[in-house]
file protein_16.cif (mmCIF, C-alpha atoms and all ligand atoms)
data_data
#
loop_
_atom_site.label_atom_id
_atom_site.label_comp_id
_atom_site.auth_asym_id
_atom_site.auth_seq_id
_atom_site.Cartn_x
_atom_site.Cartn_y
_atom_site.Cartn_z
CA MET A 14 10.81 24.13 -19.54
CA ALA A 15 9.29 21.42 -17.38
CA ARG A 16 10.32 18.08 -16.00
CA ILE A 17 7.74 15.51 -17.04
CA VAL A 18 7.09 11.82 -16.43
CA GLN A 19 5.13 10.19 -19.23
CA LYS A 20 3.78 6.70 -18.67
CA PHE A 21 2.62 4.54 -21.57
CA GLY A 22 0.46 1.50 -20.88
CA GLY A 23 0.36 -1.85 -22.66
CA THR A 24 -1.89 -0.90 -25.57
CA SER A 25 0.12 2.26 -26.20
CA VAL A 26 3.25 0.15 -26.73
CA GLY A 27 1.32 -2.83 -28.13
CA ASP A 28 3.29 -3.13 -31.39
CA LEU A 29 6.30 -1.60 -33.11
CA ASP A 30 4.30 1.13 -34.87
CA ARG A 31 2.82 2.20 -31.57
CA ILE A 32 6.26 2.27 -29.99
CA ARG A 33 7.41 4.53 -32.85
CA ASN A 34 4.35 6.71 -32.21
CA VAL A 35 5.31 6.98 -28.52
CA ALA A 36 8.84 7.93 -29.56
CA GLN A 37 7.46 10.80 -31.65
CA ARG A 38 5.40 12.06 -28.71
CA VAL A 39 8.43 11.98 -26.46
CA LYS A 40 10.50 13.72 -29.14
CA SER A 41 8.07 16.64 -29.39
CA CYS A 42 8.35 17.23 -25.63
CA VAL A 43 12.13 17.07 -25.80
CA GLU A 44 12.09 19.55 -28.69
CA ALA A 45 9.90 21.87 -26.64
CA GLY A 46 12.75 21.93 -24.12
CA ASP A 47 11.27 19.61 -21.50
CA GLU A 48 13.17 17.01 -19.50
CA VAL A 49 11.40 13.70 -20.01
CA ALA A 50 11.42 10.44 -18.10
CA VAL A 51 9.26 7.76 -19.70
CA VAL A 52 7.82 4.78 -17.87
CA VAL A 53 6.55 1.90 -19.99
CA SER A 54 4.48 -1.22 -19.48
CA ALA A 55 4.94 -4.49 -21.30
CA MET A 56 3.22 -4.86 -24.70
CA ALA A 57 -0.50 -5.51 -24.27
CA GLY A 58 -1.17 -9.16 -23.46
CA THR A 59 2.46 -10.00 -22.65
CA THR A 60 2.16 -9.92 -18.87
CA ASN A 61 -1.01 -12.04 -19.00
CA GLN A 62 0.85 -14.61 -21.06
CA LEU A 63 3.81 -14.63 -18.66
CA VAL A 64 1.52 -15.01 -15.63
CA GLU A 65 -0.26 -17.87 -17.38
CA TRP A 66 3.00 -19.69 -18.09
CA ALA A 67 4.10 -19.33 -14.47
CA LYS A 68 0.75 -20.75 -13.34
CA GLN A 69 0.88 -23.66 -15.75
CA VAL A 70 4.34 -24.74 -14.65
CA GLY A 71 3.51 -24.40 -10.96
CA PRO A 72 0.10 -23.32 -9.65
CA MET A 73 1.58 -22.62 -6.19
CA HIS A 74 4.82 -21.18 -7.56
CA ASP A 75 7.65 -19.43 -5.74
CA ALA A 76 6.89 -15.70 -5.85
CA ARG A 77 10.54 -14.79 -6.52
CA GLU A 78 10.52 -16.86 -9.68
CA TYR A 79 7.12 -15.42 -10.64
CA ASP A 80 8.75 -11.98 -10.51
CA ALA A 81 11.72 -13.16 -12.56
CA ILE A 82 9.26 -14.21 -15.26
CA VAL A 83 6.59 -11.51 -15.28
CA SER A 84 9.02 -8.56 -15.12
CA THR A 85 10.51 -9.45 -18.51
CA GLY A 86 7.78 -7.81 -20.61
CA GLU A 87 8.94 -4.36 -19.55
CA GLN A 88 12.56 -5.20 -20.28
CA VAL A 89 11.63 -5.64 -23.93
CA THR A 90 9.66 -2.39 -24.24
CA VAL A 91 12.29 -0.15 -22.59
CA GLY A 92 14.88 -1.46 -25.02
CA LEU A 93 12.63 -1.06 -28.05
CA LEU A 94 11.53 2.45 -27.12
CA SER A 95 15.11 3.53 -26.46
CA ILE A 96 16.15 2.31 -29.91
CA ALA A 97 13.11 3.98 -31.51
CA LEU A 98 14.08 7.27 -29.82
CA GLN A 99 17.73 6.98 -30.80
CA ASN A 100 16.66 6.32 -34.42
CA ILE A 101 14.88 9.67 -34.57
CA GLY A 102 17.78 11.53 -33.05
CA VAL A 103 16.75 11.59 -29.40
CA ASP A 104 19.38 10.70 -26.81
CA ALA A 105 17.76 7.96 -24.69
CA ARG A 106 18.78 5.21 -22.28
CA SER A 107 16.79 2.32 -20.80
CA TRP A 108 16.63 1.59 -17.06
CA LEU A 109 15.48 -1.56 -15.32
CA GLY A 110 14.29 -1.38 -11.73
CA TRP A 111 17.55 -2.69 -10.24
CA GLN A 112 19.66 -0.33 -12.32
CA ILE A 113 18.06 2.84 -10.91
CA PRO A 114 17.72 1.34 -8.22
CA LEU A 115 14.03 1.36 -7.31
CA ARG A 116 13.99 -0.43 -3.97
CA THR A 117 10.94 -2.30 -2.74
CA ASP A 118 9.99 -4.39 0.25
CA GLU A 119 10.27 -8.19 0.23
CA VAL A 120 6.70 -9.03 -0.81
CA HIS A 121 7.40 -10.55 -4.20
CA GLY A 122 4.48 -10.26 -6.60
CA ALA A 123 2.91 -7.33 -4.74
CA ALA A 124 5.90 -5.33 -3.56
CA ARG A 125 5.74 -1.78 -2.23
CA ILE A 126 8.20 0.87 -3.28
CA GLU A 127 10.44 1.97 -0.42
CA GLU A 128 12.96 4.21 -2.09
CA ILE A 129 14.08 5.45 -5.49
CA GLN A 130 17.68 6.63 -5.76
CA ALA A 131 17.14 9.06 -8.58
CA ASP A 132 20.42 11.03 -8.57
CA GLU A 133 21.83 9.42 -11.70
CA ILE A 134 18.55 9.75 -13.61
CA ILE A 135 18.25 13.41 -12.63
CA LYS A 136 21.83 14.03 -13.77
CA ARG A 137 21.11 12.45 -17.15
CA LEU A 138 17.83 14.35 -17.55
CA GLU A 139 19.69 17.58 -16.90
CA GLN A 140 22.13 16.62 -19.64
CA GLY A 141 19.19 16.24 -22.03
CA GLN A 142 18.97 12.45 -22.08
CA VAL A 143 15.58 10.76 -21.96
CA ALA A 144 15.31 8.08 -19.27
CA VAL A 145 13.20 5.12 -20.39
CA VAL A 146 12.24 3.29 -17.22
CA ALA A 147 10.72 -0.18 -16.92
CA GLY A 148 7.47 0.07 -15.01
CA PHE A 149 6.10 -2.57 -12.62
CA GLN A 150 9.50 -3.70 -11.30
CA GLY A 151 12.07 -2.98 -8.63
CA ILE A 152 14.69 -4.72 -6.53
CA ALA A 153 13.80 -6.42 -3.24
CA PRO A 154 16.04 -6.53 -0.13
CA ASP A 155 17.09 -10.07 -1.14
CA GLY A 156 18.72 -8.57 -4.25
CA ARG A 157 16.16 -10.17 -6.56
CA ILE A 158 13.72 -8.55 -8.99
CA SER A 159 10.36 -7.68 -7.48
CA THR A 160 7.09 -6.64 -9.14
CA LEU A 161 4.46 -4.24 -7.85
CA GLY A 162 1.21 -6.08 -8.57
CA ARG A 163 -0.86 -5.95 -11.76
CA GLY A 164 -1.19 -2.50 -13.23
CA GLY A 165 1.88 -1.46 -11.22
CA SER A 166 3.49 0.70 -13.90
CA ASP A 167 1.15 3.52 -12.91
CA THR A 168 2.66 3.39 -9.43
CA SER A 169 6.19 3.26 -10.86
CA ALA A 170 5.43 6.42 -12.84
CA VAL A 171 4.00 8.37 -9.92
CA ALA A 172 6.81 7.25 -7.60
CA LEU A 173 9.39 8.32 -10.15
CA ALA A 174 7.63 11.66 -10.60
CA ALA A 175 7.81 12.21 -6.84
CA ALA A 176 11.46 11.13 -6.67
CA ILE A 177 12.66 13.41 -9.48
CA GLN A 178 10.28 16.21 -8.41
CA ALA A 179 8.59 16.27 -11.79
CA ASP A 180 6.22 19.09 -12.65
CA ARG A 181 3.72 16.60 -14.10
CA CYS A 182 3.00 12.91 -14.39
CA ASP A 183 0.99 12.09 -17.52
CA ILE A 184 -0.52 8.63 -17.74
CA TYR A 185 -1.09 7.79 -21.42
CA THR A 186 -3.55 4.97 -22.02
CA ASP A 187 -6.09 3.63 -24.52
CA VAL A 188 -8.93 5.91 -23.37
CA ASP A 189 -8.65 9.69 -23.29
CA GLY A 190 -9.27 10.12 -19.59
CA VAL A 191 -11.24 8.95 -16.59
CA TYR A 192 -14.90 8.35 -17.42
CA THR A 193 -18.02 8.18 -15.30
CA THR A 194 -17.73 4.42 -15.72
CA ASP A 195 -15.76 2.00 -17.88
CA PRO A 196 -16.48 3.20 -21.45
CA ARG A 197 -15.97 -0.37 -22.66
CA ILE A 198 -19.20 -1.51 -21.07
CA MET A 199 -21.15 1.75 -21.08
CA PRO A 200 -20.99 3.64 -24.38
CA LYS A 201 -22.80 6.57 -22.79
CA ALA A 202 -20.03 7.04 -20.19
CA ARG A 203 -18.82 10.64 -20.07
CA LYS A 204 -15.24 11.80 -19.80
CA LEU A 205 -14.53 13.85 -16.67
CA ASP A 206 -12.39 16.98 -17.01
CA SER A 207 -11.27 16.45 -13.45
CA ILE A 208 -11.79 14.11 -10.53
CA THR A 209 -10.72 14.45 -6.90
CA PHE A 210 -7.95 12.27 -5.51
CA GLU A 211 -10.39 10.78 -3.06
CA GLU A 212 -12.93 9.82 -5.70
CA MET A 213 -10.22 8.42 -7.96
CA LEU A 214 -8.87 6.41 -5.05
CA GLU A 215 -12.30 4.92 -4.42
CA MET A 216 -12.94 4.36 -8.14
CA ALA A 217 -9.60 2.58 -8.55
CA SER A 218 -9.98 0.44 -5.45
CA ALA A 219 -13.49 -0.46 -6.56
CA GLY A 220 -12.15 -1.82 -9.84
CA ALA A 221 -11.70 1.05 -12.34
CA LYS A 222 -8.32 -0.14 -13.53
CA VAL A 223 -7.54 3.03 -15.49
CA LEU A 224 -5.16 3.83 -12.60
CA GLN A 225 -3.68 1.41 -10.09
CA THR A 226 -5.03 2.34 -6.64
CA ARG A 227 -1.60 2.72 -5.10
CA SER A 228 -0.56 5.21 -7.77
CA VAL A 229 -3.43 7.49 -6.77
CA ALA A 230 -2.61 7.22 -3.07
CA MET A 231 1.00 8.01 -3.81
CA ALA A 232 0.17 11.00 -6.00
CA MET A 233 -2.08 12.34 -3.27
CA ARG A 234 0.59 11.93 -0.61
CA HIS A 235 3.43 13.43 -2.64
CA HIS A 236 1.39 16.17 -4.35
CA VAL A 237 2.11 14.84 -7.82
CA ASN A 238 0.29 16.61 -10.62
CA LEU A 239 -1.48 13.67 -12.21
CA GLN A 240 -3.28 13.53 -15.51
CA VAL A 241 -4.78 10.66 -17.57
CA ARG A 242 -4.56 11.09 -21.36
CA SER A 243 -4.84 9.18 -24.60
CA SER A 244 -1.71 8.10 -26.41
CA PHE A 245 -3.67 8.03 -29.68
CA THR A 246 -5.23 11.49 -29.76
CA ASP A 247 -4.41 14.97 -28.53
CA ALA A 248 -7.73 15.34 -26.69
CA PRO A 249 -7.39 16.92 -23.25
CA GLY A 250 -7.35 14.32 -20.51
CA THR A 251 -8.63 14.15 -16.93
CA LEU A 252 -6.86 15.97 -14.12
CA VAL A 253 -6.75 14.20 -10.79
CA GLN A 254 -6.71 16.96 -8.19
CA ASN A 255 -7.59 18.16 -4.72
CA GLU A 256 -11.21 18.72 -3.84
CA GLU A 257 -10.89 22.52 -3.45
CA LYS A 258 -10.02 22.82 -7.12
CA GLN A 259 -12.92 20.67 -8.25
CA MET A 260 -15.44 22.53 -10.40
CA GLU A 261 -17.90 19.79 -11.22
CA LYS A 262 -20.26 18.85 -8.40
CA GLN A 263 -22.54 15.96 -9.04
CA LYS A 264 -24.58 13.72 -6.85
CA VAL A 265 -22.57 10.77 -8.02
CA SER A 266 -19.25 11.02 -9.89
CA GLY A 267 -18.86 7.51 -11.11
CA ILE A 268 -19.74 3.84 -11.07
CA ALA A 269 -17.02 1.22 -10.77
CA TYR A 270 -17.14 -2.53 -10.95
CA SER A 271 -14.90 -5.44 -10.35
CA ALA A 272 -16.11 -8.60 -12.00
CA GLU A 273 -13.32 -10.79 -10.66
CA GLU A 274 -14.45 -11.26 -7.10
CA ALA A 275 -15.21 -14.29 -4.99
CA LYS A 276 -16.98 -14.78 -1.70
CA ILE A 277 -16.43 -17.17 1.20
CA THR A 278 -18.80 -17.84 4.09
CA VAL A 279 -17.45 -19.62 7.14
CA VAL A 280 -20.55 -21.23 8.60
CA GLY A 281 -21.12 -22.14 12.24
CA LEU A 282 -18.15 -20.52 13.95
CA PRO A 283 -18.04 -20.33 17.74
CA ASP A 284 -19.20 -16.82 18.69
CA LYS A 285 -16.26 -15.82 20.88
CA PRO A 286 -13.35 -13.37 20.83
CA GLY A 287 -10.31 -14.23 18.74
CA ILE A 288 -11.97 -16.26 16.02
CA ALA A 289 -12.14 -13.51 13.39
CA ALA A 290 -8.59 -12.46 14.24
CA LYS A 291 -7.44 -16.01 13.56
CA ILE A 292 -9.25 -16.33 10.21
CA PHE A 293 -8.04 -13.01 8.87
CA GLY A 294 -4.59 -13.59 10.35
CA VAL A 295 -4.24 -16.73 8.24
CA LEU A 296 -5.31 -14.82 5.13
CA ALA A 297 -2.98 -11.92 5.88
CA ASP A 298 -0.06 -14.35 6.23
CA LEU A 299 -0.88 -15.56 2.71
CA HIS A 300 -0.89 -11.89 1.53
CA ILE A 301 -4.53 -12.30 0.55
CA ASN A 302 -6.45 -9.04 0.56
CA VAL A 303 -9.90 -9.33 2.01
CA ASP A 304 -12.37 -6.67 0.97
CA MET A 305 -15.86 -6.67 2.44
CA ILE A 306 -16.53 -8.52 5.70
CA VAL A 307 -19.86 -9.18 7.38
CA GLN A 308 -20.52 -11.18 10.49
CA SER A 309 -24.08 -12.25 11.04
CA ALA A 310 -25.57 -11.71 14.48
CA SER A 311 -25.81 -15.02 16.27
CA ALA A 312 -29.31 -15.75 17.47
CA ASP A 313 -28.22 -17.96 20.37
CA LEU A 314 -24.84 -16.30 21.13
CA GLN A 315 -23.22 -19.65 20.39
CA LYS A 316 -22.59 -19.81 16.66
CA THR A 317 -22.09 -17.21 13.98
CA ASP A 318 -21.24 -16.95 10.26
CA ILE A 319 -18.60 -14.72 8.70
CA THR A 320 -18.80 -13.78 5.02
CA PHE A 321 -16.04 -11.96 3.18
CA SER A 322 -15.05 -11.14 -0.37
CA LEU A 323 -11.65 -11.48 -1.99
CA ALA A 324 -10.10 -11.49 -5.47
CA ARG A 325 -11.15 -14.56 -7.46
CA ILE A 326 -7.52 -15.56 -8.07
CA ASP A 327 -6.99 -15.93 -4.33
CA LEU A 328 -10.04 -18.12 -3.71
CA GLU A 329 -8.40 -21.52 -4.12
CA LYS A 330 -5.52 -20.67 -1.80
CA ALA A 331 -7.83 -19.18 0.85
CA VAL A 332 -10.23 -22.15 0.80
CA SER A 333 -7.45 -24.70 1.07
CA ASP A 334 -5.78 -22.95 4.01
CA LEU A 335 -9.00 -22.33 5.90
CA THR A 336 -10.09 -25.93 5.36
CA ASN A 337 -6.86 -27.06 7.02
CA LEU A 338 -7.90 -25.06 10.08
CA LYS A 339 -11.40 -26.54 10.31
CA ASP A 340 -10.76 -28.37 13.57
CA GLU A 341 -8.79 -25.59 15.19
CA LEU A 342 -11.41 -22.95 14.35
CA ALA A 343 -14.28 -25.38 15.02
CA PHE A 344 -16.49 -24.16 12.19
CA GLU A 345 -19.13 -26.35 10.52
CA ARG A 346 -18.41 -25.77 6.84
CA LEU A 347 -17.12 -23.37 4.18
CA VAL A 348 -19.34 -22.12 1.39
CA HIS A 349 -17.74 -20.33 -1.54
CA ASP A 350 -18.78 -18.71 -4.79
CA ASN A 351 -16.35 -17.56 -7.47
CA ASN A 352 -18.87 -15.80 -9.69
CA ILE A 353 -19.24 -12.54 -7.83
CA ALA A 354 -18.96 -8.90 -8.89
CA LYS A 355 -18.68 -5.77 -6.81
CA ILE A 356 -20.56 -2.70 -8.01
CA SER A 357 -19.78 0.67 -6.43
CA VAL A 358 -21.32 4.11 -6.67
CA ILE A 359 -18.85 6.89 -5.81
CA GLY A 360 -19.09 10.62 -5.15
CA THR A 361 -17.88 13.18 -2.61
CA ALA A 362 -21.35 14.75 -2.72
CA MET A 363 -22.55 11.74 -0.69
CA ARG A 364 -21.20 13.50 2.38
CA THR A 365 -23.94 16.08 2.13
CA GLN A 366 -26.70 14.51 0.06
CA SER A 367 -28.95 11.75 1.25
CA GLY A 368 -30.96 9.21 -0.68
CA ILE A 369 -28.16 7.86 -2.86
CA ALA A 370 -28.12 4.42 -1.24
CA LYS A 371 -31.91 4.22 -1.44
CA ARG A 372 -31.85 5.04 -5.15
CA MET A 373 -29.08 2.52 -5.80
CA PHE A 374 -30.96 -0.27 -4.04
CA GLU A 375 -34.21 0.62 -5.85
CA VAL A 376 -32.53 0.45 -9.26
CA LEU A 377 -30.99 -2.95 -8.54
CA SER A 378 -34.26 -4.31 -7.21
CA GLU A 379 -36.17 -3.04 -10.28
CA LYS A 380 -33.75 -5.12 -12.36
CA GLN A 381 -34.24 -8.12 -10.03
CA ILE A 382 -30.58 -8.08 -9.05
CA ASN A 383 -30.01 -9.51 -5.61
CA MET A 384 -27.52 -7.74 -3.33
CA GLN A 385 -25.54 -10.25 -1.31
CA VAL A 386 -23.35 -7.97 0.79
CA ILE A 387 -23.45 -4.19 1.21
CA SER A 388 -20.75 -1.89 2.52
CA THR A 389 -20.35 1.87 2.64
CA SER A 390 -17.65 4.46 3.15
CA GLU A 391 -18.03 8.19 3.41
CA ILE A 392 -18.09 8.62 -0.38
CA LYS A 393 -18.83 5.11 -1.71
CA ILE A 394 -21.53 2.43 -1.56
CA SER A 395 -20.56 -1.05 -2.73
CA VAL A 396 -22.64 -4.18 -3.19
CA LEU A 397 -21.78 -7.73 -4.15
CA ILE A 398 -23.96 -9.34 -6.82
CA GLN A 399 -23.83 -12.34 -9.16
CA ALA A 400 -21.18 -11.51 -11.79
CA ASP A 401 -23.59 -12.28 -14.67
CA TYR A 402 -25.48 -9.08 -13.89
CA THR A 403 -22.45 -6.78 -13.87
CA GLU A 404 -23.15 -4.93 -17.12
CA LEU A 405 -26.86 -4.62 -16.45
CA ALA A 406 -26.19 -3.18 -13.01
CA VAL A 407 -23.57 -0.68 -14.21
CA ARG A 408 -25.69 0.55 -17.12
CA SER A 409 -28.88 0.83 -15.08
CA LEU A 410 -27.13 2.79 -12.33
CA HIS A 411 -25.38 5.03 -14.83
CA ASP A 412 -28.76 5.84 -16.41
CA ALA A 413 -30.54 6.28 -13.08
CA PHE A 414 -27.97 8.77 -11.80
CA GLU A 415 -27.88 10.50 -15.22
CA LEU A 416 -24.12 10.39 -15.37
CA ASP A 417 -24.11 11.07 -19.09
CA LYS A 418 -25.35 14.59 -18.33
CA ILE A 419 -23.16 17.34 -16.89
CA GLY A 420 -24.07 18.25 -13.28
P1 LIG B 1 -2.93 0.61 -19.59
O1 LIG B 1 -2.49 -0.64 -20.27
O2 LIG B 1 -2.71 1.83 -20.41
O3 LIG B 1 -2.39 0.74 -18.20
P2 LIG B 1 -5.47 -0.31 -18.53
O4 LIG B 1 -6.11 -1.37 -19.35
O5 LIG B 1 -4.75 -0.71 -17.31
O6 LIG B 1 -4.52 0.53 -19.49
O7 LIG B 1 -6.55 0.81 -18.13
C1 LIG B 1 -7.32 1.44 -19.13
C2 LIG B 1 -8.68 0.79 -19.18
O8 LIG B 1 -9.38 1.05 -17.98
C3 LIG B 1 -9.61 1.33 -20.25
O9 LIG B 1 -9.41 0.71 -21.49
C4 LIG B 1 -11.00 1.07 -19.67
O10 LIG B 1 -11.62 -0.04 -20.27
C5 LIG B 1 -10.73 0.77 -18.21
N1 LIG B 1 -11.56 1.58 -17.31
C6 LIG B 1 -12.29 1.08 -16.28
N2 LIG B 1 -12.97 2.05 -15.66
C7 LIG B 1 -12.67 3.20 -16.30
C8 LIG B 1 -13.08 4.56 -16.12
N3 LIG B 1 -13.91 4.92 -15.14
N4 LIG B 1 -12.57 5.49 -16.96
C9 LIG B 1 -11.71 5.13 -17.94
N5 LIG B 1 -11.30 3.87 -18.16
C10 LIG B 1 -11.77 2.91 -17.35
N1 LIG B 2 2.66 -5.02 -17.35
C1 LIG B 2 2.11 -5.02 -16.02
C2 LIG B 2 0.68 -5.57 -16.02
O1 LIG B 2 0.16 -5.90 -17.08
C3 LIG B 2 2.15 -3.67 -15.37
C4 LIG B 2 1.31 -2.62 -16.04
O2 LIG B 2 0.93 -2.76 -17.20
O3 LIG B 2 1.02 -1.61 -15.39
O4 LIG B 2 0.09 -5.69 -14.99
MG MG B 3 -2.99 -0.13 -16.38
#

call {"tool": "encode", "arguments": {"input": "protein_16.cif", "output": "structure tokens"}}
result
Amino acid sequence: MARIVQKFGGTSVGDLDRIRNVAQRVKSCVEAGDEVAVVVSAMAGTTNQLVEWAKQVGPMHDAREYDAIVSTGEQVTVGLLSIALQNIGVDARSWLGWQIPLRTDEVHGAARIEEIQADEIIKRLEQGQVAVVAGFQGIAPDGRISTLGRGGSDTSAVALAAAIQADRCDIYTDVDGVYTTDPRIMPKARKLDSITFEEMLEMASAGAKVLQTRSVAMAMRHHVNLQVRSSFTDAPGTLVQNEEKQMEKQKVSGIAYSAEEAKITVVGLPDKPGIAAKIFGVLADLHINVDMIVQSASADLQKTDITFSLARIDLEKAVSDLTNLKDELAFERLVHDNNIAKISVIGTAMRTQSGIAKRMFEVLSEKQINMQVISTSEIKISVLIQADYTELAVRSLHDAFELDKIG
């Protein structure tokens, strides 16, 4: 007997037949004697629609009301799945974030989980009842519903697994595991039997949305046994695990992309202490995440330029706030581009093998793809390029590093 958290994403609960299919999967675990807590997302497309409505009514909307709207998709699916389970003879009960309660911080729209009081859920699991938990949502200190950022149900699932000390957390999705790159744009992508936490963290933060980045960090911290699987087949999935257990050793483990980036250059800033702190302070106050940052060396020690990348959805807000500070910061002008993609090559083997950056840059130059900004970490190299070249870049790099072949 094991205690398991199963998380089903939007496509897996995308219509009533799929919800019935999920119920059958849950039932077979229950019949095998396992205690099961299920975390579900909203039906595919629902959250996008809700976000769109919020934007249309108020582009600069109140984040508390945004959460009131976008959290509703999961309320529907927990209810439907609970009924589907009850119909096939499985004792099940739905749980919204505030009912557990799953407590978060006050950052509406991108809240962090602070605590899950899981006593009641554990009691019910021990009595044989399935807990059907709404992903993506919690309750903020102001007593209002909060949401965890797009893709947040993965994080709900891992956090719940940690809180109830589950033996496993299985993430069921529309692909049967983690691939060397997004199989949607590279048909030759290869499924990995396992991937290290570190690589998965870098892949996710570089745009591979198969797992939300924070869910990977949380699983790593709380030693959650994490696995990505398909809700449509019984194929074995991908284990996310510690490096010592890793069998496969390749030069590069994967390629990730994020095609929804933007870039801002602040031109002609005074080259003196405190300026960068002010710019990024303003952005932090707006809860805008900045990714890559480069400051060009000033030739005359008087003026400099700072370029940084951010999510495309945050561009408008960032430009408007920085423009308001033009006089205070004494810069000459802002240049921005919303058609940017970030391409990243990831692999722990980079620690010991050289030449990976060189090869990456060669491949992009052979395809005439201009690199606008470059950044590296111990196990990742990322570049910004024009978004139109995203697929070409991913496919060419995947071929060049022969990721379709096993080590
Ligand atoms: P869910 O709704 O189940 O949470 P998501 O759409 O959030 O599913 O994530 C699954 C998708 O992630 C896949 O359909 C795939 O297109 C995409 N993806 C991106 N990179 C990868 C990768 N390296 N391996 C697997 N899937 C990936
Ligand atoms: N429904 C939410 C979203 O689409 C959360 C999730 O699916 O993980 O972002
Ligand atoms: Mg997801």

call {"tool": "residues_near_ligand", "arguments": {"input": "protein_16.cif", "ligand": "ligand MG 3 (chain B)", "cutoff": "12 Å", "atoms": "all atoms listed in the file", "output": "ChimeraX atom specification"}}
result
/A:20-25,52-58,60,148-149,162-170,184-188,217,220-228,241

call {"tool": "closest_residue", "arguments": {"input": "protein_16.cif", "among": "A:Ile268, A:Val280, A:Val18, A:Val70", "to": "A:Val237", "atoms": "all atoms listed in the file"}}
result
A:Val18

call {"tool": "atom_distance", "arguments": {"input": "protein_16.cif", "atom1": "atom CA of A:Trp111", "atom2": "atom CA of A:Val43"}}
result
25.7 Å

call {"tool": "atom_distance", "arguments": {"input": "protein_16.cif", "atom1": "atom CA of A:Glu133", "atom2": "atom CA of A:Ala45"}}
result
22.8 Å

call {"tool": "closest_residue", "arguments": {"input": "protein_16.cif", "among": "A:Pro283, A:Gly250, A:Gly294, A:Gly151", "to": "ligand LIG 1 (chain B)", "atoms": "all atoms listed in the file"}}
result
A:Gly250

call {"tool": "residues_around", "arguments": {"input": "protein_16.cif", "residues": "stretch 344-357 of chain A", "least_positions_apart": "2", "cutoff": "9 Å", "atoms": "all atoms listed in the file", "output": "number ranges by chain"}}
result
A: 215-216, 219-220, 267-283, 316, 318, 322, 324-325, 328, 332, 335-336, 338-342, 359, 393-403, 406-407

call {"tool": "closest_residue", "arguments": {"input": "protein_16.cif", "among": "A:Gly156, A:Pro196, A:Gly141, A:Gly122", "to": "ligand LIG 2 (chain B)", "atoms": "only C-alpha atoms and all ligand atoms"}}
result
A:Gly122

call {"tool": "closest_residue", "arguments": {"input": "protein_16.cif", "among": "A:Ile198, A:Met213, A:Ile419, A:Ala289", "to": "A:Asn255", "atoms": "only C-alpha atoms"}}
result
A:Met213

call {"tool": "axis_aligned_box", "arguments": {"input": "protein_16.cif", "around": "stretch 244-249 of chain A", "padding_each_side": "4 Å", "output": "lines of an AutoDock Vina configuration file"}}
result
center_x = -4.7
center_y = 12.5
center_z = -26.5
size_x = 14.0
size_y = 16.9
size_z = 14.5

call {"tool": "decode", "arguments": {"input": "protein_16.cif", "residues": "stretch 123-134 of chain A", "atoms": "N, CA and C atoms", "output": "PDB file, in the first residue's frame"}}
result
ATOM      1  N   ALA A 123       0.534  35.350  -8.365  1.00  0.00           N
ATOM      2  CA  ALA A 123       1.802  34.600  -8.412  1.00  0.00           C
ATOM      3  C   ALA A 123       2.194  34.244  -6.977  1.00  0.00           C
ATOM      4  N   ALA A 124       1.223  33.724  -6.246  1.00  0.00           N
ATOM      5  CA  ALA A 124       1.439  33.501  -4.807  1.00  0.00           C
ATOM      6  C   ALA A 124       2.336  32.291  -4.552  1.00  0.00           C
ATOM      7  N   ARG A 125       3.007  32.326  -3.423  1.00  0.00           N
ATOM      8  CA  ARG A 125       3.848  31.196  -2.993  1.00  0.00           C
ATOM      9  C   ARG A 125       3.151  30.464  -1.857  1.00  0.00           C
ATOM     10  N   ILE A 126       3.293  29.158  -1.866  1.00  0.00           N
ATOM     11  CA  ILE A 126       2.656  28.367  -0.812  1.00  0.00           C
ATOM     12  C   ILE A 126       3.465  28.507   0.478  1.00  0.00           C
ATOM     13  N   GLU A 127       2.776  28.813   1.567  1.00  0.00           N
ATOM     14  CA  GLU A 127       3.474  28.925   2.850  1.00  0.00           C
ATOM     15  C   GLU A 127       3.218  27.735   3.746  1.00  0.00           C
ATOM     16  N   GLU A 128       2.007  27.212   3.688  1.00  0.00           N
ATOM     17  CA  GLU A 128       1.683  26.114   4.598  1.00  0.00           C
ATOM     18  C   GLU A 128       0.456  25.355   4.097  1.00  0.00           C
ATOM     19  N   ILE A 129       0.481  24.043   4.269  1.00  0.00           N
ATOM     20  CA  ILE A 129      -0.723  23.252   3.982  1.00  0.00           C
ATOM     21  C   ILE A 129      -1.098  22.521   5.263  1.00  0.00           C
ATOM     22  N   GLN A 130      -2.298  22.802   5.756  1.00  0.00           N
ATOM     23  CA  GLN A 130      -2.751  22.074   6.961  1.00  0.00           C
ATOM     24  C   GLN A 130      -3.455  20.814   6.482  1.00  0.00           C
ATOM     25  N   ALA A 131      -2.725  19.718   6.504  1.00  0.00           N
ATOM     26  CA  ALA A 131      -3.218  18.528   5.811  1.00  0.00           C
ATOM     27  C   ALA A 131      -3.881  17.497   6.729  1.00  0.00           C
ATOM     28  N   ASP A 132      -4.043  17.829   8.019  1.00  0.00           N
ATOM     29  CA  ASP A 132      -4.543  16.823   8.975  1.00  0.00           C
ATOM     30  C   ASP A 132      -5.862  16.183   8.538  1.00  0.00           C
ATOM     31  N   GLU A 133      -6.797  17.050   8.124  1.00  0.00           N
ATOM     32  CA  GLU A 133      -8.123  16.525   7.762  1.00  0.00           C
ATOM     33  C   GLU A 133      -8.025  15.628   6.523  1.00  0.00           C
ATOM     34  N   ILE A 134      -7.234  16.071   5.552  1.00  0.00           N
ATOM     35  CA  ILE A 134      -7.084  15.268   4.323  1.00  0.00           C
ATOM     36  C   ILE A 134      -6.458  13.919   4.667  1.00  0.00           C
TER      37      ILE A 134
END
